[in-house]
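**Student:** This is data-v9.pdb (PDB, C-alpha atoms, pLDDT in the B column).
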ATOM      1  CA  LYS I 290     -14.905   2.520  22.476  1.00 65.00           C
ATOM      2  CA  ASN I 291     -14.667   1.626  18.823  1.00 74.00           C
ATOM      3  CA  GLU I 292     -17.964  -0.212  18.419  1.00 80.00           C
ATOM      4  CA  ARG I 293     -19.170  -1.232  15.002  1.00 81.00           C
ATOM      5  CA  HIS I 294     -22.588  -2.608  15.829  1.00 86.00           C
ATOM      6  CA  HIS I 295     -26.106  -1.360  16.402  1.00 91.00           C
ATOM      7  CA  ILE I 296     -28.577  -3.299  18.513  1.00 93.00           C
ATOM      8  CA  VAL I 297     -32.237  -2.370  18.382  1.00 95.00           C
ATOM      9  CA  CYS I 298     -34.496  -4.294  20.703  1.00 95.00           C
ATOM     10  CA  ILE I 299     -38.026  -4.878  19.447  1.00 94.00           C
ATOM     11  CA  GLN I 300     -41.346  -6.015  20.862  1.00 94.00           C
ATOM     12  CA  ASN I 301     -41.089  -7.267  24.475  1.00 92.00           C
ATOM     13  CA  ALA I 302     -37.308  -6.711  24.663  1.00 93.00           C
ATOM     14  CA  ALA I 303     -37.724  -2.984  23.892  1.00 94.00           C
ATOM     15  CA  SER I 304     -38.842  -2.250  27.458  1.00 95.00           C
ATOM     16  CA  GLN I 305     -35.494  -3.506  28.801  1.00 95.00           C
ATOM     17  CA  ALA I 306     -33.289  -2.559  25.844  1.00 95.00           C
ATOM     18  CA  THR I 307     -30.249  -1.649  27.965  1.00 95.00           C
ATOM     19  CA  LEU I 308     -30.289  -5.004  29.760  1.00 96.00           C
ATOM     20  CA  TYR I 309     -30.525  -7.027  26.538  1.00 95.00           C
ATOM     21  CA  THR I 310     -28.015  -4.894  24.661  1.00 95.00           C
ATOM     22  CA  THR I 311     -25.477  -5.234  27.473  1.00 95.00           C
ATOM     23  CA  ALA I 312     -26.043  -8.995  27.663  1.00 95.00           C
ATOM     24  CA  LEU I 313     -25.545  -9.446  23.908  1.00 94.00           C
ATOM     25  CA  VAL I 314     -22.359  -7.372  23.833  1.00 93.00           C
ATOM     26  CA  ASP I 315     -20.933  -9.045  26.956  1.00 94.00           C
ATOM     27  CA  ASN I 316     -21.615 -12.530  25.570  1.00 93.00           C
ATOM     28  CA  TRP I 317     -20.434 -12.028  21.983  1.00 92.00           C
ATOM     29  CA  ALA I 318     -17.844  -9.229  21.849  1.00 89.00           C
ATOM     30  CA  ASP I 319     -14.864 -11.451  22.691  1.00 90.00           C
ATOM     31  CA  GLN I 320     -15.935 -14.586  20.825  1.00 92.00           C
ATOM     32  CA  THR I 321     -13.897 -15.834  17.892  1.00 90.00           C
ATOM     33  CA  PRO I 322     -15.747 -16.981  14.774  1.00 90.00           C
ATOM     34  CA  GLN I 323     -14.921 -20.579  15.702  1.00 91.00           C
ATOM     35  CA  GLN I 324     -16.407 -20.114  19.186  1.00 94.00           C
ATOM     36  CA  ALA I 325     -19.516 -18.461  17.746  1.00 93.00           C
ATOM     37  CA  HIS I 326     -19.915 -21.289  15.229  1.00 94.00           C
ATOM     38  CA  ALA I 327     -19.475 -23.950  17.932  1.00 95.00           C
ATOM     39  CA  PHE I 328     -22.051 -22.314  20.194  1.00 95.00           C
ATOM     40  CA  LEU I 329     -24.658 -21.587  17.525  1.00 95.00           C
ATOM     41  CA  SER I 330     -24.386 -25.028  15.936  1.00 95.00           C
ATOM     42  CA  LYS I 331     -25.454 -26.796  19.154  1.00 95.00           C
ATOM     43  CA  PRO I 332     -28.843 -28.494  18.960  1.00 93.00           C
ATOM     44  CA  ASP I 333     -30.252 -26.508  21.913  1.00 95.00           C
ATOM     45  CA  VAL I 334     -29.938 -23.264  19.908  1.00 94.00           C
ATOM     46  CA  THR I 335     -33.355 -23.158  18.291  1.00 92.00           C
ATOM     47  CA  VAL I 336     -34.363 -21.112  15.298  1.00 92.00           C
ATOM     48  CA  THR I 337     -37.625 -20.566  13.457  1.00 90.00           C
ATOM     49  CA  ASN I 338     -36.386 -22.270  10.305  1.00 91.00           C
ATOM     50  CA  GLN I 339     -33.728 -25.006  10.660  1.00 91.00           C
ATOM     51  CA  SER I 340     -32.709 -24.682   7.008  1.00 93.00           C
ATOM     52  CA  ASP I 341     -31.732 -21.054   7.686  1.00 92.00           C
ATOM     53  CA  LYS I 342     -29.468 -22.198  10.515  1.00 93.00           C
ATOM     54  CA  GLU I 343     -27.845 -24.787   8.276  1.00 92.00           C
ATOM     55  CA  ALA I 344     -27.349 -22.218   5.497  1.00 93.00           C
ATOM     56  CA  GLN I 345     -26.011 -19.395   7.730  1.00 93.00           C
ATOM     57  CA  LEU I 346     -23.594 -21.283  10.004  1.00 93.00           C
ATOM     58  CA  PRO I 347     -20.992 -21.996   7.272  1.00 92.00           C
ATOM     59  CA  LYS I 348     -20.952 -18.264   6.464  1.00 93.00           C
ATOM     60  CA  ILE I 349     -19.417 -17.544   9.879  1.00 90.00           C
ATOM     61  CA  LYS I 350     -16.301 -19.526   8.959  1.00 86.00           C
ATOM     62  CA  ALA I 351     -16.214 -18.083   5.435  1.00 90.00           C
ATOM     63  CA  LEU I 352     -16.464 -14.549   6.814  1.00 88.00           C
ATOM     64  CA  ASP I 353     -13.516 -15.196   9.113  1.00 84.00           C
ATOM     65  CA  ALA I 354     -11.399 -16.396   6.185  1.00 86.00           C
ATOM     66  CA  THR I 355     -12.411 -13.352   4.132  1.00 90.00           C
ATOM     67  CA  VAL I 356     -11.504 -10.909   6.923  1.00 88.00           C
ATOM     68  CA  GLN I 357      -8.176 -12.651   7.614  1.00 87.00           C
ATOM     69  CA  GLY I 358      -7.341 -12.544   3.906  1.00 89.00           C
ATOM     70  CA  ALA I 359      -8.202  -8.852   3.651  1.00 88.00           C
ATOM     71  CA  PHE I 360      -6.014  -7.972   6.634  1.00 88.00           C
ATOM     72  CA  GLY I 361      -3.195 -10.100   5.214  1.00 89.00           C
ATOM     73  CA  GLU I 362      -3.386  -8.228   1.899  1.00 88.00           C
ATOM     74  CA  LEU I 363      -3.485  -4.890   3.718  1.00 88.00           C
ATOM     75  CA  ALA I 364      -0.433  -5.807   5.786  1.00 87.00           C
ATOM     76  CA  GLN I 365       1.474  -6.775   2.627  1.00 89.00           C
ATOM     77  CA  GLN I 366       0.444  -3.542   0.887  1.00 89.00           C
ATOM     78  CA  LEU I 367       1.638  -1.461   3.853  1.00 90.00           C
ATOM     79  CA  GLU I 368       4.929  -3.385   3.935  1.00 90.00           C
ATOM     80  CA  ASP I 369       5.409  -2.747   0.198  1.00 90.00           C
ATOM     81  CA  GLU I 370       4.704   0.975   0.650  1.00 91.00           C
ATOM     82  CA  LEU I 371       7.150   1.149   3.561  1.00 91.00           C
ATOM     83  CA  THR I 372       9.846  -0.527   1.476  1.00 91.00           C
ATOM     84  CA  ALA I 373       9.214   1.900  -1.395  1.00 90.00           C
ATOM     85  CA  SER I 374       9.359   4.865   1.009  1.00 90.00           C
ATOM     86  CA  LYS I 375      12.676   3.687   2.431  1.00 90.00           C
ATOM     87  CA  ALA I 376      14.069   3.316  -1.092  1.00 88.00           C
ATOM     88  CA  ALA I 377      12.849   6.813  -2.033  1.00 87.00           C
ATOM     89  CA  ALA I 378      14.412   8.275   1.120  1.00 86.00           C
ATOM     90  CA  ALA I 379      17.725   6.557   0.373  1.00 86.00           C
ATOM     91  CA  HIS I 380      17.631   7.898  -3.201  1.00 84.00           C
ATOM     92  CA  ALA I 381      16.884  11.421  -1.951  1.00 82.00           C
ATOM     93  CA  ASP I 382      19.768  11.182   0.521  1.00 82.00           C
ATOM     94  CA  ALA I 383      22.078  10.058  -2.276  1.00 83.00           C
ATOM     95  CA  GLU I 384      21.010  13.030  -4.408  1.00 80.00           C
ATOM     96  CA  LEU I 385      21.424  15.482  -1.540  1.00 79.00           C
ATOM     97  CA  THR I 386      24.872  14.323  -0.385  1.00 81.00           C
ATOM     98  CA  PRO I 387      26.855  15.852  -3.318  1.00 80.00           C
ATOM     99  CA  TRP I 388      25.112  19.188  -2.801  1.00 75.00           C
ATOM    100  CA  GLU I 389      25.897  19.159   0.923  1.00 80.00           C
ATOM    101  CA  THR I 390      29.535  18.216   0.202  1.00 82.00           C
ATOM    102  CA  LEU I 391      29.838  21.028  -2.334  1.00 79.00           C
ATOM    103  CA  ASN I 392      28.407  23.560   0.106  1.00 75.00           C
ATOM    104  CA  GLU I 393      30.705  22.372   2.893  1.00 82.00           C
ATOM    105  CA  ARG I 394      33.700  22.956   0.592  1.00 81.00           C
ATOM    106  CA  ARG I 395      32.377  26.376  -0.446  1.00 78.00           C
ATOM    107  CA  ARG I 396      31.766  27.346   3.190  1.00 79.00           C
ATOM    108  CA  ALA I 397      35.299  26.251   4.114  1.00 82.00           C
ATOM    109  CA  ARG I 398      36.707  28.478   1.321  1.00 82.00           C
ATOM    110  CA  GLY I 399      34.417  31.342   2.314  1.00 77.00           C
ATOM    111  CA  THR I 400      32.661  31.414  -1.064  1.00 75.00           C
ATOM    112  CA  GLU I 401      28.971  31.667  -1.871  1.00 69.00           C
ATOM    113  CA  VAL I 402      26.867  28.737  -0.683  1.00 66.00           C
ATOM    114  CA  LEU I 403      24.637  27.449  -3.453  1.00 64.00           C
ATOM    115  CA  SER I 404      20.931  26.929  -2.983  1.00 64.00           C
ATOM    116  CA  LEU I 405      19.701  23.493  -3.916  1.00 59.00           C
ATOM    117  CA  GLY I 406      17.652  25.020  -6.733  1.00 59.00           C
ATOM    118  CA  ARG I 407      20.731  26.657  -8.259  1.00 56.00           C
ATOM    119  CA  VAL I 408      22.671  23.385  -8.105  1.00 52.00           C
ATOM    120  CA  TRP I 409      19.836  21.609  -9.911  1.00 52.00           C
ATOM    121  CA  ARG I 410      19.778  24.317 -12.600  1.00 51.00           C
ATOM    122  CA  LEU I 411      23.544  24.062 -13.037  1.00 51.00           C
ATOM    123  CA  ARG I 412      23.443  20.277 -13.224  1.00 51.00           C
ATOM    124  CA  PHE I 413      20.379  19.748 -15.355  1.00 48.00           C
ATOM    125  CA  PHE I 414      19.451  22.888 -17.261  1.00 47.00           C
ATOM    126  CA  ARG I 415      22.801  23.940 -18.723  1.00 46.00           C
ATOM    127  CA  PRO I 416      22.616  25.088 -22.374  1.00 48.00           C
ATOM    128  CA  SER I 417      23.772  22.320 -24.695  1.00 50.00           C
ATOM    129  CA  GLY I 418      27.469  22.422 -25.536  1.00 49.00           C
ATOM    130  CA  SER I 419      28.444  24.470 -22.468  1.00 49.00           C
ATOM    131  CA  ALA I 420      31.118  23.144 -20.162  1.00 49.00           C
ATOM    132  CA  PRO I 421      30.017  21.796 -16.812  1.00 48.00           C
ATOM    133  CA  ALA I 422      30.507  24.082 -13.834  1.00 46.00           C
ATOM    134  CA  ARG I 423      33.630  23.282 -11.832  1.00 45.00           C
ATOM    135  CA  GLY I 424      32.933  20.532  -9.281  1.00 44.00           C
ATOM    136  CA  LEU I 425      29.587  19.592 -10.823  1.00 44.00           C
ATOM    137  CA  ARG I 426      29.112  16.600 -13.058  1.00 46.00           C
ATOM    138  CA  LEU I 427      26.958  16.404 -16.149  1.00 44.00           C
ATOM    139  CA  ALA I 428      23.775  14.497 -15.593  1.00 46.00           C
ATOM    140  CA  PRO I 429      20.869  13.514 -17.816  1.00 45.00           C
ATOM    141  CA  THR I 430      18.066  16.013 -18.196  1.00 43.00           C
ATOM    142  CA  ARG I 431      15.328  15.699 -15.608  1.00 45.00           C
ATOM    143  CA  HIS I 432      12.029  17.465 -15.271  1.00 43.00           C
ATOM    144  CA  ILE I 433      11.519  18.763 -11.773  1.00 47.00           C
ATOM    145  CA  ALA I 434       8.051  19.623 -10.554  1.00 44.00           C
TER     146      ALA I 434
END
In structure tokens, write the structure found in this file.
**Tutor:**
Amino acid sequence: KNERHHIVCIQNAASQATLYTTALVDNWADQTPQQAHAFLSKPDVTVTNQSDKEAQLPKIKALDATVQGAFGELAQQLEDELTASKAAAAHADAELTPWETLNERRRARGTEVLSLGRVWRLRFFRPSGSAPARGLRLAPTRHIA
């Protein structure tokens, strides 16, 4: 189970801690914040200080809104990252396709197959003023990590 709570029974409840812990978890684990608020706001739920009850009950609804907002932001962030990853993969595929095409042609002719590193050097690190290698286009200089 993925439980994110700790219940410590004190005073008279400590002697039957398992019973009380089980009862609390069984009663509250599946309650929504609205259900918890509705139950706790009833007049038969007594507390030591009524002003504490009045001050704490609105926090249940505020906490729900905060959690929902955080999960909404997280979902949007994950969606944005997925979109960026798909775009990066498409860009990488577009960069790789000419290299694969070149190697397929070279294989068909029985000539040396170029490593991807050699193709990058030919495309991007050619001395200035030199003619481009046959079948390769000139491209702007890039720094490759």
**Student:** For the atom pair atom CA of Ala364 of chain I and atom CA of Ala376 of chain I, what is the interatomic distance in Å to one decimal place?
**Tutor:**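 For atom CA of Ala364 of chain I relative to atom CA of Ala376 of chain I, the distance reads 18.5 Å.
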**Student:** Return as a ChimeraX atom specification the set of residues that the PyMOL selection byres ((chain I and resi 349) around 8) yields on the displayed structure.
**Tutor:** /I:322-323,325-326,345-348,350-353
**Student:** Please put the answer as AutoDock Vina command-line options: centre and edge lengths, in Å with one decimal, of a box along x, y and z that encloses all listed atoms of segment 307-311 of chain I plus 8 Å on each side.
**Tutor:**
--center_x -28.0 --center_y -4.3 --center_z 27.2 --size_x 21.0 --size_y 21.4 --size_z 21.1
**Student:** Between I:Leu313, I:Leu308, I:Leu371, I:Leu329, which is the closest to Glu343 of chain I once you count all atoms listed in the file?
**Tutor:**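 Closest to Glu343 of chain I, using all atoms listed in the file: I:Leu329.
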**Student:** If you measure from atom CA of Ala379 of chain I to atom CA of Leu367 of chain I, what distance in Å do you get, rounded to one decimal?
**Tutor:** 18.3 Å
**Student:** Out of I:Val336, I:Glu370, I:Ala318, I:Ala378, which residue has the shortest atom-to-atom distance to Glu292 of chain I when counting only C-alpha atoms?
**Tutor:** I:Ala318
**Student:** For the atom pair atom CA of Ala312 of chain I and atom CA of His295 of chain I, what is the interatomic distance in Å to one decimal place?
**Tutor:**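 Value for the atom CA of Ala312 of chain I-atom CA of His295 of chain I distance: 13.6 Å.
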**Student:** Pick out the residues sitting within 8 Å of Cys298 of chain I, and hand them over as a count of residues only; count all atoms listed in the file, and ignore anything fewer than 5 positions along from it in its own chain.
**Tutor:** 4
